[in-house]
Amino acid sequence: LTGCTKSDTDRCATVLTTAPSDEVALLQSDLSSRGINATADSRGFFYTITRNGDSTRKPKVCSSIKVSYTLRLMNGTQLEAASNQSFLLSSLVAGWQEGLPLVGEGGFITLYLPPSLAYGSTGHGSVPPNANLMFQIELITIE
């Protein structure tokens with residue numbers, strides 16, 4: 001038998017990151033100008049759920065997940081895409097940790113993330129600094 005240590009509990013704790021109001025306002029304006037109708041989350045991101053998936057099998061921060069996803073800038077420019085990729089949810093950006101549990105296994109969600117819930121002021125690879133991002137994510141399985 002094994003138990004959770006304090007570090008396991010801390011690592012798997014619910015993410016409580018909230019985007020600053022100025023970032024949220026800019027993202028909301030960006031969505032509106034593009035005619036995108038998305039649901040606002042109190043933590044500062046927006047989302048649309050295309051398919052809910054299995055409501056009894058939703059990921060937690062410490063879950064290993066297998067996903068297919070596309071990352072785009074808000075102007076539609078595709079920066080990255082991958083199929084059947086496995087990740088530990090806790091190793092991904094805060095917006096994924098907060099948004100992906102909104103759908104169950106087999107679900108499909110589009111997350112609209114402000115910089116502080118994505119790659120921030122430094123950017124990452126092809127993602128420019130301070131970018132609002134759109135992730136289209138299919139949650140294939142929780143491993």
# chains A, B, ... in the order shown; residues from 1 in each chain; ligands from 1
call {"tool": "select_by_dssp", "arguments": {"residues": "range 18-70 of chain A", "states": "strand (DSSP E or B)", "output": "PyMOL selection string"}}
result
chain A and resi 39-40+46-51+54+64-70
call {"tool": "residues_around", "arguments": {"residues": "range 95-109 of chain A", "least_positions_apart": "4", "cutoff": "8 Å", "atoms": "only C-alpha atoms", "output": "MDAnalysis selection string"}}
result
chainID A and resid 15:16 45 47:61 89:90 113 117:118 136:142
call {"tool": "write_last_selection", "arguments": {"atoms": "N, CA, C and O atoms", "output": "CSV table (one decimal), in the first residue's frame"}}
result
chain,number,residue,atom,x,y,z
A,15,VAL,N,-5.5,23.8,-9.4
A,15,VAL,CA,-4.8,25.0,-9.8
A,15,VAL,C,-5.7,26.2,-9.6
A,15,VAL,O,-6.9,26.1,-9.8
A,16,LEU,N,-5.2,27.2,-9.0
A,16,LEU,CA,-5.9,28.4,-8.6
A,16,LEU,C,-5.4,29.6,-9.2
A,16,LEU,O,-5.6,30.7,-8.7
A,45,PHE,N,-10.1,32.6,-18.4
A,45,PHE,CA,-10.0,32.1,-19.8
A,45,PHE,C,-11.4,31.9,-20.3
A,45,PHE,O,-12.4,32.0,-19.6
A,47,TYR,N,-13.9,29.4,-23.1
A,47,TYR,CA,-13.9,28.1,-23.7
A,47,TYR,C,-15.2,27.8,-24.4
A,47,TYR,O,-16.3,28.4,-24.2
A,48,THR,N,-15.2,26.8,-25.4
A,48,THR,CA,-16.4,26.3,-26.0
A,48,THR,C,-16.2,24.7,-25.9
A,48,THR,O,-15.1,24.2,-26.2
A,49,ILE,N,-17.2,24.1,-25.6
A,49,ILE,CA,-17.2,22.6,-25.5
A,49,ILE,C,-18.0,22.1,-26.7
A,49,ILE,O,-19.2,22.4,-26.8
A,50,THR,N,-17.4,21.3,-27.6
A,50,THR,CA,-18.0,20.8,-28.7
A,50,THR,C,-18.6,19.4,-28.4
A,50,THR,O,-19.6,19.0,-28.9
A,51,ARG,N,-17.9,18.7,-27.5
A,51,ARG,CA,-18.3,17.3,-27.1
A,51,ARG,C,-17.9,17.2,-25.6
A,51,ARG,O,-16.8,17.4,-25.3
A,52,ASN,N,-18.9,16.9,-24.8
A,52,ASN,CA,-18.6,16.8,-23.3
A,52,ASN,C,-17.8,15.6,-22.9
A,52,ASN,O,-17.0,15.6,-22.0
A,53,GLY,N,-17.9,14.5,-23.6
A,53,GLY,CA,-17.2,13.3,-23.2
A,53,GLY,C,-17.9,12.6,-22.0
A,53,GLY,O,-19.0,12.9,-21.7
A,54,ASP,N,-17.2,11.7,-21.4
A,54,ASP,CA,-17.7,10.9,-20.3
A,54,ASP,C,-17.6,11.7,-19.0
A,54,ASP,O,-16.5,11.9,-18.5
A,55,SER,N,-18.8,12.1,-18.5
A,55,SER,CA,-18.8,12.9,-17.3
A,55,SER,C,-18.3,12.2,-16.1
A,55,SER,O,-18.0,12.8,-15.1
A,56,THR,N,-18.2,10.9,-16.1
A,56,THR,CA,-17.6,10.2,-14.9
A,56,THR,C,-16.1,10.0,-15.0
A,56,THR,O,-15.5,9.5,-14.1
A,57,ARG,N,-15.5,10.4,-16.1
A,57,ARG,CA,-14.1,10.2,-16.3
A,57,ARG,C,-13.5,11.6,-16.7
A,57,ARG,O,-13.2,11.8,-17.9
A,58,LYS,N,-13.3,12.4,-15.7
A,58,LYS,CA,-12.7,13.8,-16.0
A,58,LYS,C,-11.3,13.8,-15.4
A,58,LYS,O,-11.0,13.2,-14.3
A,59,PRO,N,-10.3,14.4,-16.1
A,59,PRO,CA,-8.9,14.4,-15.6
A,59,PRO,C,-8.8,15.3,-14.4
A,59,PRO,O,-9.5,16.3,-14.2
A,60,LYS,N,-7.8,15.0,-13.6
A,60,LYS,CA,-7.4,15.8,-12.4
A,60,LYS,C,-6.0,16.3,-12.8
A,60,LYS,O,-5.4,15.8,-13.7
A,61,VAL,N,-5.5,17.2,-12.0
A,61,VAL,CA,-4.2,17.8,-12.3
A,61,VAL,C,-3.1,16.7,-12.4
A,61,VAL,O,-2.2,16.8,-13.2
A,89,LEU,N,-0.9,16.1,-16.9
A,89,LEU,CA,-1.6,17.4,-17.0
A,89,LEU,C,-0.9,18.4,-16.2
A,89,LEU,O,-0.8,19.6,-16.5
A,90,SER,N,-0.3,18.0,-15.0
A,90,SER,CA,0.4,19.0,-14.2
A,90,SER,C,1.6,19.6,-14.8
A,90,SER,O,2.1,20.6,-14.4
A,113,LEU,N,-6.9,31.2,-24.2
A,113,LEU,CA,-6.1,31.5,-23.0
A,113,LEU,C,-5.4,32.9,-23.1
A,113,LEU,O,-4.7,33.1,-24.1
A,117,LEU,N,-2.1,32.5,-18.4
A,117,LEU,CA,-2.5,31.1,-18.3
A,117,LEU,C,-1.9,30.2,-19.4
A,117,LEU,O,-2.2,29.0,-19.5
A,118,ALA,N,-1.0,30.8,-20.2
A,118,ALA,CA,-0.3,30.1,-21.2
A,118,ALA,C,1.2,30.3,-21.1
A,118,ALA,O,1.8,29.8,-20.2
A,136,GLN,N,-7.3,23.8,-29.5
A,136,GLN,CA,-8.4,22.9,-29.8
A,136,GLN,C,-8.0,21.5,-29.3
A,136,GLN,O,-7.0,21.0,-29.8
A,137,ILE,N,-8.6,21.0,-28.3
A,137,ILE,CA,-8.1,19.8,-27.7
A,137,ILE,C,-9.2,18.7,-27.7
A,137,ILE,O,-10.3,18.9,-27.2
A,138,GLU,N,-8.8,17.5,-28.1
A,138,GLU,CA,-9.6,16.3,-27.9
A,138,GLU,C,-9.0,15.5,-26.8
A,138,GLU,O,-7.8,15.1,-27.0
A,139,LEU,N,-9.7,15.2,-25.8
A,139,LEU,CA,-9.2,14.4,-24.7
A,139,LEU,C,-9.5,12.9,-25.0
A,139,LEU,O,-10.6,12.5,-24.9
A,140,ILE,N,-8.5,12.2,-25.5
A,140,ILE,CA,-8.7,10.9,-26.0
A,140,ILE,C,-8.9,9.9,-24.9
A,140,ILE,O,-9.9,9.2,-24.8
A,141,THR,N,-8.0,9.9,-23.9
A,141,THR,CA,-8.1,9.0,-22.8
A,141,THR,C,-7.4,9.6,-21.6
A,141,THR,O,-6.5,10.5,-21.7
A,142,ILE,N,-7.8,9.2,-20.4
A,142,ILE,CA,-7.1,9.4,-19.2
A,142,ILE,C,-6.4,8.1,-18.9
A,142,ILE,O,-7.0,7.1,-18.7
call {"tool": "closest_residue", "arguments": {"among": "A:Asn75, A:Ser116, A:Phe87, A:Ser68", "to": "Val24 in chain A", "atoms": "only C-alpha atoms"}}
result
A:Ser116
call {"tool": "closest_residue", "arguments": {"among": "A:Gly120, A:Pro128, A:Gly44, A:Pro20", "to": "Leu79 in chain A", "atoms": "only C-alpha atoms"}}
result
A:Pro128
call {"tool": "closest_residue", "arguments": {"among": "A:Ala82, A:Leu71, A:Val93, A:Leu88", "to": "Phe135 in chain A", "atoms": "only C-alpha atoms"}}
result
A:Leu71
call {"tool": "closest_residue", "arguments": {"among": "A:Leu111, A:Ala38, A:Ala25, A:Ala19", "to": "Arg72 in chain A", "atoms": "only C-alpha atoms"}}
result
A:Leu111
call {"tool": "atom_distance", "arguments": {"atom1": "CA of Arg43 in chain A", "atom2": "CA of Lys66 in chain A"}}
result
24.3 Å
call {"tool": "atom_distance", "arguments": {"atom1": "CA of Asn132 in chain A", "atom2": "CA of Pro115 in chain A"}}
result
5.7 Å
call {"tool": "select_by_dssp", "arguments": {"residues": "chain A", "states": "helix (DSSP H, G or I)", "output": "ChimeraX atom specification"}}
result
/A:6-11,21-33,89-91,94-102,115-117
call {"tool": "atom_distance", "arguments": {"atom1": "CA of Tyr69 in chain A", "atom2": "CA of Tyr112 in chain A"}}
result
13.1 Å
call {"tool": "closest_residue", "arguments": {"among": "A:Ser21, A:Ser33, A:Leu27, A:Asn130", "to": "Phe46 in chain A", "atoms": "only C-alpha atoms"}}
result
A:Leu27
call {"tool": "closest_residue", "arguments": {"among": "A:Asp30, A:Gly35, A:Val127, A:Thr17", "to": "Thr77 in chain A", "atoms": "only C-alpha atoms"}}
result
A:Val127
